[in-house]
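Colleague: See coords34.cif below, with mmCIF, C-alpha atoms.
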data_upload
loop_
_atom_site.label_atom_id
_atom_site.label_comp_id
_atom_site.auth_asym_id
_atom_site.auth_seq_id
_atom_site.Cartn_x
_atom_site.Cartn_y
_atom_site.Cartn_z
CA MET N 322 0.00 0.00 0.00
CA THR N 323 1.38 3.41 -0.99
CA PRO N 324 1.80 5.61 2.12
CA HIS N 325 -0.78 8.36 2.39
CA VAL N 326 0.57 11.84 1.72
CA ILE N 327 0.13 13.79 4.94
CA GLU N 328 -0.73 17.46 4.56
CA PRO N 329 -0.27 19.20 7.94
CA ASP N 330 -3.16 21.44 9.01
CA PRO N 331 -2.58 22.55 12.61
CA GLN N 332 -5.49 25.01 12.51
CA ALA N 333 -7.96 22.23 11.70
CA GLY N 334 -6.42 20.07 14.41
CA ALA N 335 -6.85 22.84 16.98
CA ALA N 336 -10.54 23.15 16.04
CA VAL N 337 -11.06 19.40 16.41
CA LYS N 338 -9.33 19.43 19.80
CA ALA N 339 -11.35 22.42 21.00
CA ALA N 340 -14.67 20.79 20.06
CA ASP N 341 -13.61 17.56 21.74
CA ARG N 342 -12.66 19.30 24.97
CA ALA N 343 -15.91 21.29 24.94
CA HIS N 344 -18.31 18.43 24.36
CA VAL N 345 -16.87 14.87 24.37
CA PHE N 346 -16.88 12.94 27.64
CA HIS N 347 -14.11 10.33 27.45
CA SER N 348 -14.17 6.84 28.97
CA TRP N 349 -11.89 5.76 31.82
CA SER N 350 -10.60 9.32 32.25
CA ALA N 351 -10.48 12.31 34.59
CA GLN N 352 -11.88 14.75 32.05
CA GLY N 353 -9.80 17.73 33.11
CA LEU N 354 -6.50 15.84 33.05
CA ILE N 355 -6.50 14.37 29.53
CA ASP N 356 -5.11 15.73 26.28
CA PRO N 357 -6.43 13.52 23.47
CA LEU N 358 -4.54 13.49 20.20
CA ALA N 359 -6.52 14.92 17.29
CA VAL N 360 -6.36 12.29 14.55
CA ALA N 361 -6.44 13.44 10.94
CA GLY N 362 -6.53 10.05 9.24
CA ALA N 363 -5.44 6.42 9.18
CA GLU N 364 -4.53 3.76 6.66
CA GLY N 365 -3.27 0.22 7.08
CA SER N 366 -1.05 -0.01 10.18
CA TYR N 367 -0.59 3.76 10.53
CA PHE N 368 -2.45 6.88 11.64
CA TRP N 369 -1.43 10.53 11.68
CA ASP N 370 -2.26 13.83 13.37
CA TYR N 371 -2.89 17.31 12.01
CA ASP N 372 0.70 18.37 12.63
CA GLY N 373 1.97 15.79 10.14
CA ASN N 374 3.21 13.23 12.70
CA ARG N 375 2.71 9.63 11.53
CA TYR N 376 2.51 6.73 13.99
CA LEU N 377 2.83 2.97 13.56
CA ASP N 378 -0.13 1.69 15.59
CA PHE N 379 1.06 -1.08 17.91
CA THR N 380 -2.34 -1.02 19.67
CA SER N 381 -4.68 -1.88 16.74
CA GLY N 382 -7.04 0.76 18.14
CA LEU N 383 -8.12 -1.09 21.27
CA VAL N 384 -6.86 -4.36 19.81
CA TYR N 385 -9.58 -4.54 17.20
CA THR N 386 -8.33 -3.21 13.83
CA ASN N 387 -7.19 -6.71 12.89
CA ILE N 388 -7.08 -5.84 9.19
CA GLY N 389 -5.77 -2.31 9.76
CA TYR N 390 -7.46 0.97 8.97
CA GLN N 391 -9.54 1.76 5.89
CA HIS N 392 -9.27 -1.57 4.10
CA PRO N 393 -10.80 -0.69 0.72
CA LYS N 394 -12.86 -3.87 0.36
CA VAL N 395 -14.50 -3.45 3.76
CA VAL N 396 -15.12 0.27 3.23
CA ALA N 397 -16.71 -0.54 -0.14
CA ALA N 398 -18.91 -3.24 1.42
CA ILE N 399 -20.23 -0.79 4.01
CA GLN N 400 -20.93 1.79 1.31
CA GLU N 401 -22.72 -0.77 -0.86
CA GLN N 402 -24.85 -2.01 2.05
CA ALA N 403 -25.77 1.56 3.02
CA GLY N 404 -27.07 2.08 -0.50
CA LYS N 405 -29.00 -1.19 -0.48
CA LEU N 406 -30.45 -1.51 3.05
CA ALA N 407 -28.87 0.70 5.70
CA THR N 408 -30.79 -0.73 8.65
CA PHE N 409 -33.51 -3.19 9.55
CA ALA N 410 -35.00 -4.57 12.77
CA PRO N 411 -33.49 -7.76 14.23
CA ALA N 412 -36.66 -9.90 14.13
CA PHE N 413 -36.41 -10.31 10.35
CA ALA N 414 -34.24 -12.53 8.18
CA VAL N 415 -31.82 -10.28 6.30
CA ASP N 416 -29.35 -11.68 3.77
CA VAL N 417 -26.21 -9.98 5.09
CA ARG N 418 -27.09 -10.88 8.69
CA SER N 419 -27.57 -14.52 7.76
CA GLU N 420 -24.31 -14.57 5.82
CA ALA N 421 -22.34 -13.02 8.66
CA ALA N 422 -23.72 -15.62 11.08
CA ARG N 423 -22.90 -18.43 8.65
CA LEU N 424 -19.31 -17.27 8.13
CA ILE N 425 -18.74 -16.94 11.88
CA ALA N 426 -20.32 -20.32 12.70
CA GLU N 427 -18.19 -21.91 9.97
CA ARG N 428 -15.08 -20.90 11.93
CA THR N 429 -16.10 -21.41 15.56
CA PRO N 430 -15.00 -24.67 17.19
CA GLY N 431 -17.28 -27.64 17.75
CA ASP N 432 -21.03 -27.13 17.59
CA LEU N 433 -21.08 -23.38 18.30
CA ASP N 434 -23.33 -22.87 15.30
CA LYS N 435 -25.98 -20.40 16.46
CA ILE N 436 -25.00 -16.71 16.61
CA PHE N 437 -26.67 -14.06 18.78
CA PHE N 438 -25.53 -10.63 17.64
CA THR N 439 -24.79 -7.71 19.97
CA ASN N 440 -23.23 -4.28 19.49
CA GLY N 441 -19.97 -5.15 21.24
CA GLY N 442 -18.09 -7.39 23.63
CA ALA N 443 -19.59 -6.29 26.94
CA GLU N 444 -23.12 -6.94 25.69
CA ALA N 445 -21.95 -10.32 24.42
CA VAL N 446 -20.73 -11.21 27.91
CA GLU N 447 -23.97 -9.94 29.48
CA ASN N 448 -26.03 -12.18 27.22
CA ALA N 449 -23.75 -15.21 27.54
CA VAL N 450 -24.10 -15.04 31.32
CA ARG N 451 -27.87 -14.62 31.03
CA MET N 452 -28.06 -17.67 28.77
CA ALA N 453 -25.97 -19.73 31.19
CA ARG N 454 -28.10 -18.74 34.18
CA LEU N 455 -31.34 -19.53 32.39
CA HIS N 456 -30.00 -22.80 31.00
CA THR N 457 -28.82 -24.07 34.41
CA GLY N 458 -31.29 -22.36 36.73
CA ARG N 459 -28.31 -21.26 38.83
CA THR N 460 -27.02 -17.77 39.62
CA LYS N 461 -23.30 -17.71 40.46
CA VAL N 462 -20.62 -17.05 37.87
CA LEU N 463 -16.90 -17.58 38.45
CA SER N 464 -14.33 -15.38 36.73
CA ALA N 465 -10.61 -14.82 37.10
CA TYR N 466 -8.61 -12.05 38.66
CA ARG N 467 -6.44 -10.40 36.00
CA SER N 468 -9.28 -10.33 33.49
CA TYR N 469 -11.45 -7.85 31.65
CA HIS N 470 -14.92 -8.64 30.34
CA GLY N 471 -16.49 -5.23 29.65
CA ALA N 472 -18.00 -2.19 31.34
CA THR N 473 -21.72 -2.98 31.52
CA SER N 474 -23.23 -4.01 34.86
CA THR N 475 -22.58 -7.77 34.92
CA ALA N 476 -19.48 -7.58 32.73
CA ILE N 477 -17.72 -5.04 34.98
CA ASN N 478 -18.43 -7.14 38.06
CA LEU N 479 -16.98 -10.18 36.30
CA THR N 480 -13.87 -8.15 35.45
CA GLY N 481 -10.83 -8.94 37.59
CA ASP N 482 -8.85 -5.71 37.25
CA PRO N 483 -9.14 -2.36 39.13
CA ARG N 484 -11.61 -0.91 36.66
CA ARG N 485 -14.17 -3.00 38.54
CA TRP N 486 -13.64 -1.33 41.91
CA PRO N 487 -15.68 1.90 41.53
CA SER N 488 -18.69 -0.07 40.26
CA ASP N 489 -18.26 -3.22 42.37
CA THR N 490 -21.67 -4.08 43.76
CA ALA N 491 -20.84 -7.80 43.86
CA SER N 492 -23.40 -8.40 41.13
CA ALA N 493 -25.49 -11.36 42.26
CA GLY N 494 -23.14 -14.25 42.69
CA VAL N 495 -19.92 -13.17 40.98
CA VAL N 496 -16.94 -14.99 42.51
CA HIS N 497 -13.32 -14.42 41.48
CA PHE N 498 -10.54 -16.99 41.47
CA TRP N 499 -6.87 -17.14 40.46
CA ALA N 500 -6.11 -18.33 36.96
CA PRO N 501 -2.59 -19.60 36.14
CA PHE N 502 0.24 -17.09 35.66
CA LEU N 503 3.60 -18.72 36.26
CA TYR N 504 5.69 -15.51 36.25
CA ARG N 505 3.69 -14.20 39.23
CA SER N 506 2.31 -17.51 40.45
CA PRO N 507 -0.19 -17.27 43.30
CA PHE N 508 0.50 -20.95 43.90
CA TYR N 509 4.31 -20.77 44.32
CA SER N 510 4.77 -23.02 41.32
CA ALA N 511 8.15 -23.64 39.72
CA THR N 512 6.96 -25.17 36.42
CA GLU N 513 4.06 -24.80 34.00
CA ALA N 514 2.89 -28.30 34.93
CA GLU N 515 2.77 -27.36 38.62
CA GLU N 516 0.99 -24.10 37.86
CA CYS N 517 -1.62 -25.91 35.76
CA GLN N 518 -2.29 -28.60 38.37
CA ARG N 519 -2.43 -26.17 41.29
CA ALA N 520 -4.62 -23.67 39.44
CA LEU N 521 -7.10 -26.42 38.56
CA GLN N 522 -7.11 -27.64 42.16
CA HIS N 523 -7.69 -24.07 43.37
CA LEU N 524 -10.61 -23.71 40.96
CA GLU N 525 -12.18 -26.99 42.07
CA ASP N 526 -11.70 -26.03 45.73
CA THR N 527 -13.41 -22.69 45.04
CA ILE N 528 -16.32 -24.53 43.44
CA ALA N 529 -16.57 -26.86 46.43
CA PHE N 530 -16.73 -23.99 48.93
CA GLU N 531 -19.15 -21.93 46.83
CA GLY N 532 -21.44 -24.92 46.24
CA PRO N 533 -21.34 -26.65 42.85
CA ALA N 534 -25.13 -26.62 42.53
CA THR N 535 -25.15 -22.81 42.79
CA ILE N 536 -22.73 -22.11 39.93
CA ALA N 537 -24.10 -21.38 36.47
CA ALA N 538 -20.91 -20.62 34.57
CA ILE N 539 -17.18 -20.18 34.56
CA ILE N 540 -15.99 -17.45 32.19
CA LEU N 541 -12.38 -17.09 31.08
CA GLU N 542 -10.62 -15.08 28.44
CA THR N 543 -9.02 -17.83 26.34
CA VAL N 544 -5.83 -15.75 26.39
CA PRO N 545 -6.29 -12.76 28.72
CA GLY N 546 -5.79 -9.50 26.84
CA THR N 547 -5.56 -6.18 28.66
CA ALA N 548 -4.65 -7.97 31.89
CA GLY N 549 -1.34 -9.19 30.47
CA ILE N 550 -1.59 -11.77 27.66
CA MET N 551 -0.91 -14.71 29.98
CA THR N 552 -1.10 -17.74 27.67
CA PRO N 553 -2.57 -20.58 29.74
CA PRO N 554 -0.29 -23.56 30.37
CA PRO N 555 -0.88 -26.80 28.44
CA GLY N 556 -3.84 -28.70 29.83
CA TYR N 557 -5.41 -25.87 31.81
CA LEU N 558 -8.37 -25.02 29.60
CA ALA N 559 -9.00 -28.71 28.95
CA GLY N 560 -8.98 -29.19 32.72
CA VAL N 561 -11.51 -26.40 33.20
CA ARG N 562 -13.68 -28.05 30.55
CA GLU N 563 -13.57 -31.32 32.53
CA ILE N 564 -14.45 -29.54 35.78
CA CYS N 565 -17.41 -27.82 34.13
CA ASP N 566 -18.67 -31.13 32.75
CA LYS N 567 -18.25 -32.76 36.18
CA TYR N 568 -20.47 -30.21 37.93
CA GLY N 569 -22.88 -29.26 35.14
CA ILE N 570 -21.39 -25.77 34.83
CA VAL N 571 -21.52 -23.81 31.57
CA PHE N 572 -18.05 -23.05 30.21
CA VAL N 573 -17.82 -19.61 28.58
CA LEU N 574 -14.74 -18.48 26.66
CA ASP N 575 -14.36 -14.77 26.06
CA GLU N 576 -12.68 -14.32 22.67
CA VAL N 577 -13.57 -10.65 22.27
CA MET N 578 -9.90 -9.67 22.02
CA ALA N 579 -8.20 -13.00 21.22
CA GLY N 580 -10.52 -14.01 18.38
CA PHE N 581 -10.44 -13.50 14.62
CA GLY N 582 -6.78 -14.06 13.93
CA ARG N 583 -5.16 -12.24 16.83
CA THR N 584 -3.31 -15.35 18.11
CA GLY N 585 -2.57 -16.81 14.68
CA LYS N 586 -5.75 -18.91 14.64
CA TRP N 587 -9.30 -17.88 13.84
CA PHE N 588 -10.05 -18.40 17.54
CA ALA N 589 -7.53 -18.86 20.35
CA ALA N 590 -9.44 -21.94 21.58
CA GLU N 591 -8.00 -23.82 18.60
CA HIS N 592 -4.53 -23.67 20.17
CA PHE N 593 -5.80 -25.61 23.17
CA ASP N 594 -8.19 -28.08 21.49
CA VAL N 595 -11.09 -27.07 23.70
CA VAL N 596 -14.72 -26.31 22.87
CA PRO N 597 -16.71 -24.13 25.28
CA ASP N 598 -20.50 -24.07 25.63
CA LEU N 599 -20.64 -20.37 24.78
CA MET N 600 -18.09 -18.09 23.14
CA THR N 601 -18.20 -14.32 23.05
CA PHE N 602 -16.68 -12.29 20.22
CA ALA N 603 -16.47 -8.70 18.94
CA LYS N 604 -13.57 -6.40 17.91
CA GLY N 605 -11.80 -8.31 15.12
CA VAL N 606 -15.01 -9.78 13.67
CA ASN N 607 -15.13 -6.69 11.45
CA SER N 608 -12.05 -4.78 12.64
CA GLY N 609 -14.34 -2.40 14.53
CA TYR N 610 -15.40 -0.63 11.33
CA VAL N 611 -19.01 -0.73 12.58
CA PRO N 612 -19.76 -1.86 16.18
CA LEU N 613 -20.54 -5.59 16.34
CA GLY N 614 -20.25 -8.42 18.83
CA GLY N 615 -21.99 -11.63 19.63
CA VAL N 616 -22.33 -14.99 21.34
CA ALA N 617 -21.67 -18.27 19.56
CA ILE N 618 -24.01 -20.82 21.15
CA SER N 619 -23.72 -24.60 21.44
CA GLU N 620 -26.52 -26.90 20.34
CA LYS N 621 -27.30 -27.88 23.94
CA ILE N 622 -27.81 -24.32 25.14
CA ALA N 623 -29.59 -23.20 21.98
CA ALA N 624 -32.08 -26.06 22.52
CA THR N 625 -33.05 -24.51 25.88
CA PHE N 626 -34.71 -21.72 23.95
CA ASP N 627 -36.39 -23.77 21.22
CA LYS N 628 -39.81 -23.50 22.90
CA ARG N 629 -38.95 -21.04 25.64
CA PRO N 630 -38.43 -17.40 24.60
CA TYR N 631 -34.98 -16.00 25.21
CA PRO N 632 -35.59 -12.87 27.33
CA GLY N 633 -32.99 -10.62 25.76
CA GLY N 634 -32.40 -8.53 22.68
CA LEU N 635 -31.03 -5.30 21.27
CA THR N 636 -32.54 -2.82 18.84
CA TYR N 637 -29.44 -2.99 16.65
CA SER N 638 -28.72 -6.71 16.96
CA GLY N 639 -27.22 -7.87 13.67
CA HIS N 640 -27.23 -4.36 12.20
CA PRO N 641 -26.90 -4.65 8.40
CA LEU N 642 -23.97 -2.22 8.13
CA ALA N 643 -22.07 -4.05 10.87
CA CYS N 644 -22.84 -7.44 9.34
CA ALA N 645 -21.75 -6.25 5.90
CA ALA N 646 -18.47 -5.16 7.44
CA ALA N 647 -18.13 -8.58 9.10
CA VAL N 648 -18.80 -10.48 5.86
CA ALA N 649 -16.24 -8.38 4.00
CA THR N 650 -13.68 -8.62 6.82
CA ILE N 651 -13.92 -12.40 7.14
CA ASN N 652 -13.65 -12.81 3.37
CA VAL N 653 -10.66 -10.46 3.23
CA MET N 654 -8.99 -12.39 6.04
CA ALA N 655 -9.52 -15.66 4.19
CA ASP N 656 -8.51 -14.36 0.76
CA GLU N 657 -5.45 -12.46 1.96
CA LYS N 658 -4.38 -15.14 4.47
CA VAL N 659 -4.44 -12.65 7.32
CA VAL N 660 -4.66 -15.32 10.04
CA GLU N 661 -1.67 -17.13 8.56
CA ASN N 662 0.21 -13.83 8.42
CA ALA N 663 -0.45 -13.21 12.11
CA ALA N 664 1.00 -16.63 12.95
CA HIS N 665 4.01 -16.04 10.68
CA ILE N 666 4.78 -12.59 12.10
CA GLY N 667 4.55 -13.94 15.64
CA GLU N 668 6.81 -16.91 14.96
CA THR N 669 9.46 -15.20 12.82
CA VAL N 670 9.49 -11.50 13.73
CA LEU N 671 7.69 -10.42 16.90
CA GLY N 672 8.45 -13.43 19.09
CA PRO N 673 12.18 -13.63 18.29
CA GLY N 674 12.51 -9.83 18.15
CA LEU N 675 10.88 -9.22 21.52
CA ARG N 676 12.92 -11.98 23.16
CA GLU N 677 16.07 -10.40 21.72
CA LEU N 678 15.05 -7.05 23.24
CA ALA N 679 14.55 -8.79 26.58
CA GLU N 680 18.13 -10.05 26.50
CA ARG N 681 19.47 -6.51 26.15
CA HIS N 682 17.10 -4.50 28.33
CA PRO N 683 17.16 -5.11 32.11
CA SER N 684 13.69 -3.57 32.39
CA VAL N 685 12.12 -6.55 30.59
CA GLY N 686 11.23 -9.30 33.02
CA GLU N 687 9.24 -11.58 30.71
CA VAL N 688 8.02 -11.81 27.11
CA ARG N 689 4.67 -13.55 26.55
CA GLY N 690 2.40 -14.13 23.60
CA MET N 691 1.58 -15.66 20.24
CA GLY N 692 0.54 -14.40 16.82
CA VAL N 693 0.30 -10.61 17.00
CA PHE N 694 -0.66 -10.71 20.68
CA TRP N 695 2.38 -10.02 22.89
CA ALA N 696 3.21 -8.44 26.24
CA LEU N 697 6.46 -7.28 27.80
CA GLU N 698 6.38 -7.43 31.61
CA LEU N 699 8.56 -4.55 32.81
CA VAL N 700 10.36 -4.75 36.14
CA LYS N 701 12.64 -2.70 38.38
CA ASN N 702 14.69 -5.78 39.17
CA ARG N 703 14.75 -9.05 37.28
CA GLU N 704 15.79 -11.06 40.32
CA THR N 705 13.00 -9.84 42.60
CA ARG N 706 10.53 -9.33 39.71
CA GLU N 707 9.36 -6.09 41.33
CA PRO N 708 7.10 -4.35 38.76
CA LEU N 709 8.50 -1.22 37.14
CA VAL N 710 5.50 0.63 38.60
CA PRO N 711 3.17 -0.50 41.42
CA TYR N 712 -0.09 -2.29 40.66
CA ASN N 713 -2.69 0.20 39.40
CA ALA N 714 -0.19 3.07 39.72
CA ALA N 715 -1.27 6.58 38.80
CA GLY N 716 0.29 10.02 38.73
CA GLU N 717 3.93 10.25 39.73
CA ALA N 718 4.04 6.56 40.66
CA ALA N 719 3.37 5.71 37.01
CA ALA N 720 6.09 8.05 35.67
CA PRO N 721 8.41 5.30 34.33
CA MET N 722 5.67 3.93 32.07
CA ALA N 723 4.71 7.45 30.99
CA ALA N 724 8.33 8.07 30.03
CA LEU N 725 8.38 4.82 28.04
CA GLY N 726 5.23 5.87 26.21
CA ALA N 727 6.56 9.32 25.40
CA ALA N 728 9.79 7.84 24.05
CA ALA N 729 7.88 5.41 21.84
CA LYS N 730 5.72 8.17 20.37
CA LYS N 731 8.78 10.33 19.75
CA ASN N 732 10.09 7.45 17.61
CA GLY N 733 6.83 7.15 15.65
CA LEU N 734 5.33 4.22 17.56
CA TRP N 735 1.96 4.41 19.29
CA PRO N 736 2.29 1.95 22.21
CA PHE N 737 -0.22 -0.04 24.22
CA ILE N 738 0.66 0.54 27.88
CA ASN N 739 -1.16 -0.92 30.87
CA MET N 740 0.21 -0.88 34.42
CA ASN N 741 3.78 -2.23 34.20
CA ARG N 742 3.43 -3.71 30.73
CA THR N 743 3.68 -2.65 27.14
CA HIS N 744 1.85 -4.83 24.64
CA ALA N 745 2.84 -5.41 21.03
CA VAL N 746 -0.49 -5.88 19.29
CA PRO N 747 -0.28 -4.59 15.70
CA ALA N 748 -2.78 -5.41 12.97
CA CYS N 749 -2.97 -9.07 11.98
CA ASN N 750 -1.94 -8.10 8.44
CA VAL N 751 1.08 -6.11 9.61
CA SER N 752 4.05 -6.60 7.28
CA GLU N 753 7.46 -7.90 8.32
CA ALA N 754 8.95 -4.47 7.62
CA GLU N 755 6.34 -2.72 9.77
CA ALA N 756 6.80 -5.18 12.62
CA LYS N 757 10.58 -4.63 12.51
CA GLU N 758 10.02 -0.88 12.46
CA GLY N 759 7.95 -1.24 15.61
CA LEU N 760 10.61 -3.35 17.30
CA ALA N 761 13.27 -0.72 16.54
CA ALA N 762 11.15 2.04 18.07
CA LEU N 763 10.38 -0.15 21.08
CA ASP N 764 14.10 -0.86 21.47
CA ALA N 765 14.78 2.87 21.81
CA ALA N 766 11.88 3.35 24.24
CA LEU N 767 13.02 0.49 26.48
CA SER N 768 16.33 2.26 26.96
CA VAL N 769 14.32 4.92 28.81
CA ALA N 770 12.62 2.26 30.95
CA ASP N 771 16.04 0.79 31.76
CA GLU N 772 16.93 4.03 33.55
CA TYR N 773 14.39 3.17 36.24
CA THR N 774 15.79 -0.30 37.01
CA ALA N 775 17.85 -1.16 40.07
#
Using the file provided, produce a representation of the structure as structure tokens.

Modeller:
Amino acid sequence: MTPHVIEPDPQAGAAVKAADRAHVFHSWSAQGLIDPLAVAGAEGSYFWDYDGNRYLDFTSGLVYTNIGYQHPKVVAAIQEQAGKLATFAPAFAVDVRSEAARLIAERTPGDLDKIFFTNGGAEAVENAVRMARLHTGRTKVLSAYRSYHGATSTAINLTGDPRRWPSDTASAGVVHFWAPFLYRSPFYSATEAEECQRALQHLEDTIAFEGPATIAAIILETVPGTAGIMTPPPGYLAGVREICDKYGIVFVLDEVMAGFGRTGKWFAAEHFDVVPDLMTFAKGVNSGYVPLGGVAISEKIAATFDKRPYPGGLTYSGHPLACAAAVATINVMADEKVVENAAHIGETVLGPGLRELAERHPSVGEVRGMGVFWALELVKNRETREPLVPYNAAGEAAAPMAALGAAAKKNGLWPFINMNRTHAVPACNVSEAEAKEGLAALDAALSVADEYTA
């Protein structure tokens, strides 16, 4: 793709910024303390501002532009659908909605062949939990610490990171447990095998003390995203599947971030040979071009609602523009081998490149990931594994990570930073040259982080 010619227009940028600050209320932010960048445009793996600065996006938006920005085939599909049928209510059969569901079901594991459409990932989680509760007649749901499932009422209570705290009303029956994470093992494990066994035992003990007959579902991100990209050890997800079967618990995998090529497979569950009862998706299903999410439903749970109405729905469920974007995105990913590219970039460029950076930078404690889904755990001291900044640090306490971010941007890289980590999550169709460009900029930024090590 020929790089877009950037024509600086600072005056226009100032107007955009002024209107934003006057009227837009931003998520997850103290409104008077933020300074959002005014974006002039984006294409492929890059975006640029009104001052003419161009950035390689190592965040994929919020880890959703899996095919990059402004893919011409997806843009054209949205335009064509808008001219044909811009919107229609969800109770009707609409060709593009049916085709989107078919293409998704064709790629989901096992018998997850019925698709309930939502507008995004949080709503998908809300509805998956509702389905599980109605299917089992139970109320409790178990979810992991170090997780994120969305910002709606149930989803935020299921979330296991600090974004839950201000809204934590202990939504009826949400119970958190520790999932495996060998680098910071809560079980004092020395090996992946130990961590797997002990994490499964901890989960089964939690179920025993909560009462197996009270638990409707266990929900896990197949590979946790924002919380740190902790790839589960071999056997863990299969073990959770066995525990769910043993106690009649619905197993829900959250693939909102990990799905649609991010890990080098259509769905991350394929890496672990496990089939859940329900699977949530969003983000990469259409690269976020038009909001869309959903729940892929197993035959057993779908059958619960054959004669019994499902008490849930959304005005824009299966919106034609969003579904047209999904159909085009999935076809582009298949035709252009985007999933295969994500696997290739992870195996040959990002994985080796990030591990090489870890060898040279004392601030890097661990490298984790697969496909185009990677995290660098940054530490003050490799021996003690003390995080570079404290858990949930803000203000001056978070200064080392702020300095890392500023250095990355100065070198033309827009980084994904959360707590003491920086994630490398470019588009799934990122080129080798672009990935190497990102690694070079990250190399320079890590030199700044190294200054804070002991």

Colleague: Could you check which of N:Gly672, N:Pro721, N:Gly441, N:Pro632 is closest to N:Val616, using all atoms listed in the file?

Modeller: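 Ranked by minimum distance to N:Val616, first place goes to N:Gly441.
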
Colleague: Name all residues at most 8 Å from N:Leu377 (count only C-alpha atoms; drop same-chain ones fewer than 5 positions away) and give them as a VMD selection string.

Modeller: chain N and resid 366 to 368 733 to 735 755 759

Colleague: Write the residues of the preceding selection, restricted to C-alpha atoms, as a PDB file, keeping the file's coordinate frame.

Modeller:
ATOM      1  CA  SER N 366      -1.050  -0.010  10.180  1.00  0.00           C
ATOM      2  CA  TYR N 367      -0.590   3.760  10.530  1.00  0.00           C
ATOM      3  CA  PHE N 368      -2.450   6.880  11.640  1.00  0.00           C
ATOM      4  CA  GLY N 733       6.830   7.150  15.650  1.00  0.00           C
ATOM      5  CA  LEU N 734       5.330   4.220  17.560  1.00  0.00           C
ATOM      6  CA  TRP N 735       1.960   4.410  19.290  1.00  0.00           C
ATOM      7  CA  GLU N 755       6.340  -2.720   9.770  1.00  0.00           C
ATOM      8  CA  GLY N 759       7.950  -1.240  15.610  1.00  0.00           C
TER       9      GLY N 759
END

Colleague: Taking the file as shown, what set of residues would the PyMOL selection byres ((chain N and resi 468) around 10) give back, as a list of chain:residue names?

Modeller: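 Output from the PyMOL selection byres ((chain N and resi 468) around 10), applied to this file: N:Ser464, N:Ala465, N:Tyr466, N:Arg467, N:Tyr469, N:His470, N:Gly471, N:Leu479, N:Thr480, N:Gly481, N:Asp482, N:Pro483, N:His497, N:Ala500, N:Ile540, N:Leu541, N:Glu542, N:Val544, N:Pro545, N:Gly546, N:Thr547, N:Ala548, N:Gly549, N:Ile550.
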
Colleague: Could those selected residues go to a file with C-alpha atoms, as a tab-separated table (two decimals), keeping the file's coordinate frame?

Modeller:
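Final file, selection25.tsv:
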chain	number	residue	atom	x	y	z
N	464	SER	CA	-14.33	-15.38	36.73
N	465	ALA	CA	-10.61	-14.82	37.10
N	466	TYR	CA	-8.61	-12.05	38.66
N	467	ARG	CA	-6.44	-10.40	36.00
N	469	TYR	CA	-11.45	-7.85	31.65
N	470	HIS	CA	-14.92	-8.64	30.34
N	471	GLY	CA	-16.49	-5.23	29.65
N	479	LEU	CA	-16.98	-10.18	36.30
N	480	THR	CA	-13.87	-8.15	35.45
N	481	GLY	CA	-10.83	-8.94	37.59
N	482	ASP	CA	-8.85	-5.71	37.25
N	483	PRO	CA	-9.14	-2.36	39.13
N	497	HIS	CA	-13.32	-14.42	41.48
N	500	ALA	CA	-6.11	-18.33	36.96
N	540	ILE	CA	-15.99	-17.45	32.19
N	541	LEU	CA	-12.38	-17.09	31.08
N	542	GLU	CA	-10.62	-15.08	28.44
N	544	VAL	CA	-5.83	-15.75	26.39
N	545	PRO	CA	-6.29	-12.76	28.72
N	546	GLY	CA	-5.79	-9.50	26.84
N	547	THR	CA	-5.56	-6.18	28.66
N	548	ALA	CA	-4.65	-7.97	31.89
N	549	GLY	CA	-1.34	-9.19	30.47
N	550	ILE	CA	-1.59	-11.77	27.66

Colleague: Considering only C-alpha atoms, return as a list of chain:residue names whatever protein or nucleic-acid residues lie within 10 Å of N:Tyr385, sequence-local ones (same chain, fewer than 5 positions apart) excluded.

Modeller: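 What passes the distance filter is N:Thr380, N:Val577, N:Met578, N:Ala579, N:Gly580, N:Phe581, N:Arg583, N:Ala603, N:Lys604, N:Gly605, N:Val606, N:Asn607, N:Ser608, N:Gly609, N:Tyr610, N:Val746, N:Pro747, N:Ala748, N:Cys749.
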
Colleague: Record the distance separating atom CA of N:Asn713 and atom CA of N:Ala761, expressed in Å with one decimal.

Modeller: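 Separation between atom CA of N:Asn713 and atom CA of N:Ala761: 27.9 Å.
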
Colleague: What's around stretch 675-682 of chain N at 9 Å? Count all atoms listed in the file, leave out sequence neighbours fewer than 6 positions away in its own chain, and write the answer as a list of chain:residue names.

Modeller: N:Val688, N:Trp695, N:Leu697, N:Ala745, N:Leu760, N:Leu763, N:Asp764, N:Leu767, N:Ser768, N:Ala770, N:Asp771

Colleague: For N:Thr625, which of N:Ala453, N:Ala775, N:Ile477, N:Val384 is the closest residue, counting all atoms listed in the file?

Modeller: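 Using all atoms listed in the file, N:Thr625 sits closest to N:Ala453.
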
Colleague: Between N:Tyr504, N:Phe593, N:Tyr509, N:Phe438, which residue has the minimum interatomic distance to N:Val561, considering all atoms listed in the file?

Modeller: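 Result for the nearest residue to N:Val561: N:Phe593.
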
Colleague: For the atom pair atom CA of N:Ala724 and atom CA of N:Gly382, what is the interatomic distance in Å to one decimal place?

Modeller: 20.8 Å

Colleague: List the residues selected by the PyMOL selection byres ((chain N and resi 364) around 6) in the file shown, writing them as a PDB file with C-alpha atoms, in the frame of the given file.

Modeller:
ATOM      1  CA  ALA N 363      -5.440   6.420   9.180  1.00  0.00           C
ATOM      2  CA  GLY N 365      -3.270   0.220   7.080  1.00  0.00           C
ATOM      3  CA  TYR N 367      -0.590   3.760  10.530  1.00  0.00           C
ATOM      4  CA  TYR N 390      -7.460   0.970   8.970  1.00  0.00           C
ATOM      5  CA  GLN N 391      -9.540   1.760   5.890  1.00  0.00           C
TER       6      GLN N 391
END
